[in-house]
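K.L.:
Got input.cif for you, mmCIF, C-alpha atoms:
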data_structure
loop_
_atom_site.label_atom_id
_atom_site.label_comp_id
_atom_site.auth_asym_id
_atom_site.auth_seq_id
_atom_site.Cartn_x
_atom_site.Cartn_y
_atom_site.Cartn_z
CA MET A 1 -84.92 -123.46 18.21
CA SER A 2 -86.59 -124.40 14.99
CA ASP A 3 -84.98 -123.99 11.59
CA PHE A 4 -86.41 -124.37 8.09
CA ARG A 5 -85.65 -128.12 7.81
CA THR A 6 -87.20 -128.95 11.18
CA SER A 7 -90.38 -127.03 10.46
CA GLN A 8 -90.65 -128.58 7.02
CA ASN A 9 -90.29 -132.06 8.48
CA GLN A 10 -92.96 -131.21 11.00
CA ALA A 11 -95.29 -129.88 8.31
CA HIS A 12 -94.86 -132.98 6.08
CA PRO A 13 -94.19 -135.92 8.36
CA ASN A 14 -94.74 -138.49 5.57
CA LYS A 15 -92.23 -136.98 3.17
CA THR A 16 -89.31 -139.24 4.16
CA ASN A 17 -91.53 -142.29 3.81
CA THR A 18 -92.75 -141.30 0.36
CA LEU A 19 -89.27 -140.48 -0.90
CA LEU A 20 -87.77 -143.71 0.40
CA THR A 21 -90.59 -145.82 -1.00
CA GLY A 22 -90.31 -144.09 -4.39
CA ILE A 23 -86.53 -144.56 -4.54
CA ILE A 24 -86.69 -148.21 -3.46
CA LEU A 25 -89.43 -148.97 -6.01
CA LEU A 26 -87.40 -147.32 -8.79
CA LEU A 27 -84.29 -149.25 -7.75
CA ILE A 28 -86.23 -152.54 -7.78
CA LEU A 29 -87.51 -151.68 -11.26
CA PHE A 30 -83.99 -150.93 -12.53
CA VAL A 31 -82.56 -154.11 -11.02
CA SER A 32 -85.38 -156.17 -12.58
CA ILE A 33 -84.68 -154.71 -16.03
CA GLN A 34 -80.95 -155.41 -15.55
CA ILE A 35 -81.67 -159.06 -14.63
CA TRP A 36 -83.75 -159.31 -17.79
CA PHE A 37 -80.87 -157.89 -19.87
CA LEU A 38 -78.37 -160.23 -18.25
CA PHE A 39 -80.58 -163.25 -18.86
CA GLY A 40 -80.91 -162.27 -22.52
CA ALA A 41 -77.17 -161.75 -22.92
CA LEU A 42 -76.42 -165.13 -21.33
CA ASN A 43 -78.75 -167.01 -23.65
CA ASN A 44 -77.01 -169.59 -25.83
CA ALA A 45 -78.70 -168.32 -28.98
CA LEU A 46 -76.80 -165.08 -28.65
CA GLU A 47 -73.36 -166.66 -28.70
CA ASP A 48 -72.76 -165.21 -32.14
CA ASN A 49 -74.68 -162.02 -31.53
CA PHE A 50 -72.10 -159.64 -30.12
CA TYR A 51 -74.20 -156.52 -30.64
CA PHE A 52 -76.97 -157.77 -28.39
CA ALA A 53 -74.45 -158.31 -25.58
CA LEU A 54 -73.02 -154.83 -26.18
CA THR A 55 -76.44 -153.13 -26.27
CA THR A 56 -77.61 -154.81 -23.06
CA PHE A 57 -74.31 -153.87 -21.39
CA ILE A 58 -74.75 -150.19 -22.31
CA GLY A 59 -78.36 -150.28 -21.09
CA SER A 60 -77.35 -152.00 -17.88
CA LEU A 61 -74.56 -149.48 -17.29
CA ILE A 62 -76.93 -146.54 -17.78
CA LEU A 63 -79.38 -148.10 -15.30
CA ALA A 64 -76.57 -148.69 -12.77
CA ILE A 65 -75.39 -145.08 -13.06
CA THR A 66 -78.99 -143.89 -12.62
CA SER A 67 -79.29 -146.14 -9.53
CA PHE A 68 -76.15 -144.60 -7.98
CA TRP A 69 -77.41 -141.12 -8.83
CA LEU A 70 -80.78 -141.90 -7.19
CA LEU A 71 -79.00 -142.78 -3.94
CA ARG A 72 -78.02 -139.12 -3.62
CA TYR A 73 -81.66 -138.33 -2.98
CA LEU A 74 -82.05 -140.72 -0.05
CA PRO A 75 -83.51 -138.58 2.71
CA ASP A 76 -81.42 -138.21 5.84
CA PRO A 77 -82.82 -139.96 8.87
CA ILE A 78 -84.68 -137.62 11.17
CA LYS A 79 -82.86 -137.86 14.46
CA PRO A 80 -84.46 -136.32 17.48
CA LYS A 81 -81.98 -134.36 19.51
CA LEU A 82 -81.22 -136.45 22.54
CA LYS A 83 -79.68 -135.68 25.82
CA LYS A 84 -76.31 -137.31 26.37
CA ASN A 85 -77.47 -139.81 28.97
CA GLN A 86 -80.44 -140.87 26.74
CA GLN A 87 -78.37 -141.47 23.64
CA LYS A 88 -76.74 -144.75 24.64
CA ASP A 89 -80.13 -146.33 25.42
CA ASN A 90 -81.77 -145.37 22.14
CA LEU A 91 -81.34 -147.14 18.83
CA PRO A 92 -80.04 -145.04 15.94
CA THR A 93 -82.55 -144.71 13.14
CA MET B 1 -60.16 -131.77 13.68
CA ALA B 2 -62.45 -131.60 16.64
CA LYS B 3 -64.48 -134.71 17.43
CA ASP B 4 -68.23 -134.45 17.59
CA PRO B 5 -69.07 -135.97 20.95
CA GLU B 6 -72.66 -136.75 19.91
CA LYS B 7 -71.72 -138.71 16.79
CA ILE B 8 -71.66 -142.49 17.11
CA PRO B 9 -68.39 -143.78 15.60
CA THR B 10 -68.71 -145.88 12.44
CA TRP B 11 -67.10 -148.96 14.02
CA LYS B 12 -69.71 -148.85 16.75
CA SER B 13 -72.64 -148.75 14.34
CA ASP B 14 -71.02 -151.47 12.16
CA PHE B 15 -70.45 -153.87 15.06
CA PRO B 16 -73.27 -153.29 17.52
CA PHE B 17 -73.38 -155.40 20.65
CA GLN B 18 -77.18 -155.51 20.77
CA SER B 19 -78.61 -158.35 18.66
CA LYS B 20 -81.58 -156.19 17.66
CA LEU B 21 -79.22 -153.65 16.11
CA ALA B 22 -77.06 -156.32 14.47
CA THR B 23 -79.98 -157.83 12.54
CA HIS B 24 -81.72 -154.55 11.75
CA VAL B 25 -81.61 -153.47 8.09
CA SER B 26 -82.83 -149.94 7.60
CA ARG B 27 -84.57 -148.81 4.42
CA ARG B 28 -81.54 -146.65 3.62
CA GLU B 29 -79.24 -149.66 3.85
CA PHE B 30 -81.62 -151.69 1.69
CA ALA B 31 -81.69 -148.95 -0.97
CA LYS B 32 -77.87 -148.79 -0.92
CA PHE B 33 -77.70 -152.56 -1.29
CA LEU B 34 -80.01 -152.34 -4.33
CA GLY B 35 -77.62 -149.75 -5.82
CA LEU B 36 -74.71 -152.13 -5.24
CA LEU B 37 -76.63 -155.00 -6.84
CA SER B 38 -77.38 -152.79 -9.84
CA GLY B 39 -73.65 -152.08 -10.24
CA ALA B 40 -72.80 -155.78 -9.94
CA LEU B 41 -75.33 -156.65 -12.67
CA ALA B 42 -73.83 -154.04 -15.00
CA VAL B 43 -70.33 -155.46 -14.34
CA SER B 44 -71.49 -159.02 -15.12
CA ASN B 45 -73.08 -157.81 -18.34
CA GLY B 46 -69.75 -156.19 -19.20
CA ALA B 47 -67.98 -159.48 -18.46
CA ILE B 48 -70.11 -161.18 -21.14
CA VAL B 49 -69.05 -158.52 -23.68
CA ILE B 50 -65.36 -158.94 -22.76
CA ARG B 51 -65.67 -162.73 -22.91
CA SER B 52 -67.23 -162.66 -26.39
CA LEU B 53 -64.48 -160.27 -27.55
CA ALA B 54 -61.65 -162.31 -26.04
CA PHE B 55 -62.95 -165.80 -26.89
CA PRO B 56 -65.00 -165.61 -30.10
CA HIS B 57 -67.03 -168.65 -31.10
CA LYS B 58 -65.11 -170.74 -33.63
CA PRO B 59 -66.92 -173.02 -36.07
CA LEU B 60 -65.78 -176.63 -36.30
CA GLU B 61 -62.79 -176.97 -38.60
CA GLY B 62 -62.04 -179.89 -40.89
CA GLU B 63 -63.49 -183.37 -41.09
CA HIS B 64 -63.50 -185.64 -38.07
CA PHE B 65 -63.63 -189.43 -38.18
CA ILE B 66 -66.41 -190.80 -35.95
CA CYS B 67 -66.88 -194.53 -36.52
CA ASN B 68 -67.30 -197.25 -39.12
CA GLU B 69 -70.68 -197.55 -40.81
CA ASP B 70 -71.27 -201.12 -39.64
CA GLU B 71 -70.87 -200.11 -35.98
CA VAL B 72 -74.21 -198.26 -35.95
CA PRO B 73 -77.21 -200.24 -37.27
CA VAL B 74 -80.27 -198.49 -38.73
CA GLY B 75 -82.42 -196.90 -36.01
CA GLU B 76 -79.55 -196.63 -33.55
CA MET B 77 -77.71 -193.61 -32.22
CA PHE B 78 -74.01 -193.18 -31.46
CA GLN B 79 -72.67 -190.65 -29.01
CA PHE B 80 -69.38 -188.87 -29.67
CA GLU B 81 -67.39 -185.80 -28.74
CA ILE B 82 -65.11 -183.59 -30.75
CA GLU B 83 -62.31 -181.99 -28.82
CA GLY B 84 -61.71 -178.42 -29.81
CA SER B 85 -61.67 -175.15 -27.92
CA LYS B 86 -64.44 -176.72 -25.81
CA ILE B 87 -65.79 -180.25 -25.72
CA ILE B 88 -69.34 -180.51 -27.09
CA PRO B 89 -71.18 -183.85 -27.05
CA TYR B 90 -72.88 -184.88 -30.28
CA ILE B 91 -75.12 -187.72 -31.41
CA LEU B 92 -74.90 -189.56 -34.71
CA ILE B 93 -78.19 -191.11 -35.87
CA HIS B 94 -78.55 -193.77 -38.54
CA LEU B 95 -82.05 -192.94 -39.81
CA GLU B 96 -82.20 -195.19 -42.87
CA ALA B 97 -79.71 -196.95 -45.09
CA ASN B 98 -77.24 -194.26 -46.22
CA LYS B 99 -79.11 -191.56 -44.28
CA TRP B 100 -77.13 -190.21 -41.35
CA ARG B 101 -77.65 -187.19 -39.16
CA ALA B 102 -75.44 -185.60 -36.50
CA PHE B 103 -76.74 -183.14 -33.91
CA GLU B 104 -75.42 -181.45 -30.82
CA GLN B 105 -76.58 -183.46 -27.82
CA LYS B 106 -77.35 -180.44 -25.64
CA CYS B 107 -81.03 -179.50 -25.65
CA THR B 108 -81.52 -175.86 -26.62
CA HIS B 109 -83.82 -175.40 -23.62
CA LEU B 110 -81.65 -176.14 -20.59
CA ALA B 111 -78.78 -178.18 -22.06
CA CYS B 112 -80.06 -181.61 -21.00
CA ALA B 113 -78.73 -184.56 -23.00
CA VAL B 114 -81.13 -185.50 -25.82
CA ARG B 115 -81.56 -189.07 -27.21
CA TYR B 116 -82.96 -190.60 -30.36
CA ARG B 117 -86.24 -192.50 -30.01
CA ALA B 118 -86.40 -194.99 -32.87
CA ASP B 119 -90.03 -195.94 -32.06
CA LEU B 120 -91.16 -192.32 -32.64
CA ASN B 121 -88.44 -191.44 -35.16
CA GLN B 122 -87.84 -188.28 -33.12
CA ILE B 123 -85.19 -186.90 -30.82
CA GLU B 124 -86.41 -186.58 -27.25
CA CYS B 125 -85.24 -184.41 -24.40
CA PRO B 126 -86.32 -186.42 -21.33
CA CYS B 127 -85.99 -183.51 -18.90
CA HIS B 128 -89.02 -181.49 -20.04
CA SER B 129 -90.50 -183.64 -22.83
CA GLY B 130 -89.09 -181.66 -25.73
CA PHE B 131 -89.16 -183.36 -29.12
CA PHE B 132 -87.08 -182.59 -32.20
CA ASN B 133 -87.38 -183.72 -35.80
CA ALA B 134 -84.72 -186.39 -36.30
CA ASP B 135 -84.23 -185.35 -39.92
CA THR B 136 -83.84 -181.58 -39.57
CA GLY B 137 -83.41 -181.00 -35.84
CA ASP B 138 -86.41 -178.63 -35.76
CA VAL B 139 -88.52 -178.39 -32.61
CA ILE B 140 -91.76 -180.42 -32.80
CA GLN B 141 -93.04 -180.05 -29.28
CA GLY B 142 -92.11 -178.78 -25.85
CA PRO B 143 -90.15 -175.92 -24.35
CA PRO B 144 -86.94 -175.85 -26.51
CA PRO B 145 -86.78 -172.44 -28.24
CA ARG B 146 -84.53 -173.40 -31.16
CA ALA B 147 -83.59 -176.29 -33.42
CA LEU B 148 -80.66 -178.53 -32.46
CA PRO B 149 -77.38 -177.40 -34.05
CA GLN B 150 -76.50 -179.84 -36.81
CA LEU B 151 -73.29 -181.17 -38.35
CA GLU B 152 -72.91 -182.48 -41.87
CA VAL B 153 -72.24 -186.22 -42.11
CA VAL B 154 -69.99 -187.60 -44.82
CA SER B 155 -69.91 -191.32 -45.52
CA ARG B 156 -66.82 -192.49 -47.38
CA GLU B 157 -65.49 -196.01 -47.87
CA GLY B 158 -67.52 -197.39 -45.02
CA LYS B 159 -66.38 -194.70 -42.59
CA ILE B 160 -68.39 -191.85 -41.11
CA TYR B 161 -66.96 -188.35 -40.87
CA VAL B 162 -68.55 -185.11 -39.68
CA LYS B 163 -67.82 -181.50 -40.53
CA ALA B 164 -69.43 -178.11 -39.94
CA LYS B 165 -72.52 -177.50 -42.06
CA GLY B 166 -71.66 -175.74 -45.28
CA ALA B 167 -67.91 -176.29 -44.79
CA THR B 168 -65.98 -177.53 -47.79
#
If you took the structure in this file and wrote it as structure tokens, what would it be?
P.N.:
Amino acid sequence: MSDFRTSQNQAHPNKTNTLLTGIILLLILFVSIQIWFLFGALNNALEDNFYFALTTFIGSLILAITSFWLLRYLPDPIKPKLKKNQQKDNLPT
Amino acid sequence: MAKDPEKIPTWKSDFPFQSKLATHVSRREFAKFLGLLSGALAVSNGAIVIRSLAFPHKPLEGEHFICNEDEVPVGEMFQFEIEGSKIIPYILIHLEANKWRAFEQKCTHLACAVRYRADLNQIECPCHSGFFNADTGDVIQGPPPRALPQLEVVSREGKIYVKAKGAT
């Protein structure tokens, strides 16, 4: 029997791919910006500049929270319904 | 709670016996790892804030005796350390008669030890060919982004002392 989710997945077979690629690209972007912030905060010149360290920390925290929030939208793997004797031979996706 | 007979238990998917499964990283796992990395980066940035709150940078206090004037001839450099909250190496340079300079020995680029080159009258960082003005500590050439931190030199009764710049 087909339900709404199954028929939607059949109608748009590339949707999972697009979503995953988009989420991973966004996460890579966030992590890159955070590395940049961390590098700036670690710089010797900023030893006396507390506010730079604080600002980068707030920015980094916001990006981390956004990253965790993005993980909610990871699409579920599409698992074909298998018969019991087939399941142990197949790899989970 | 009734068990779902079709569901693979977590311990089984965490410790698979097939090598192909053990080395396989799915895109979902990769995305979750990126999320974890993002959290770790935010925590390390927070650690810097806590560190600067807990251990604020203290300027050098008081005058410190370094050496006698006659120990360092003109054109020579003398290396010394001042023990405080952290040990920082410094160099004392005798530029001309009665003209002394003291700089931090750590290059502002990647903290290599700098040295005075009397033939050029400049301070050189041998790691990446950075050059500093021996009089002011300003960058002349190379990758260092900032001037060398400087100490004030006081010469009194044939003895050399250093103190923080601008300190009384």
K.L.:
Could you list, as a PyMOL selection string, every residue of chain B that has an atom within 8 Å of an atom of chain A, counting only C-alpha atoms?
P.N.:
chain B and resi 6+21+26-28+31-32+34-35+37-39+41-46+48-49+52+57+108
K.L.:
Using the chain letters and residue numbers of this document, give as a list in words the residues selected by the PyMOL selection byres ((chain B and resi 74-90) around 6).
P.N.:
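Evaluating the PyMOL selection byres ((chain B and resi 74-90) around 6) on this file yields Pro73, Ile91, Leu92, Ile93, His94, Leu95, Glu96, Phe103, Glu104, Gln105 and Ala118 of chain B.
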K.L.:
Suppose you want the space between CA of Gly158 in chain B and CA of Asp70 in chain B; what is it in Å?
P.N.:
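It comes out at 7.5 Å.
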K.L.:
Running the PyMOL selection byres ((chain B and resi 119-129) around 9) on this model by hand, what would come out? Give it as a list in words.
P.N.:
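Expected selection for the PyMOL selection byres ((chain B and resi 119-129) around 9) here is Gly75, Leu95, Lys106, Cys107, His109, Leu110, Cys112, Ala113, Val114, Arg115, Tyr116, Arg117, Ala118, Gly130, Phe131, Phe132, Asn133, Ala134, Asp135, Gly137, Ile140, Gln141, Gly142, Pro143 and Pro144 of chain B.
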K.L.:
To one decimal place in Å, what is the distance between CA of Phe4 in chain A and CA of Glu29 in chain B?
P.N.:
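Computing it gives 26.6 Å between the two atoms.
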K.L.:
Distance CA of Val139 in chain B-CA of Val162 in chain B, one decimal place?
P.N.:
22.2 Å
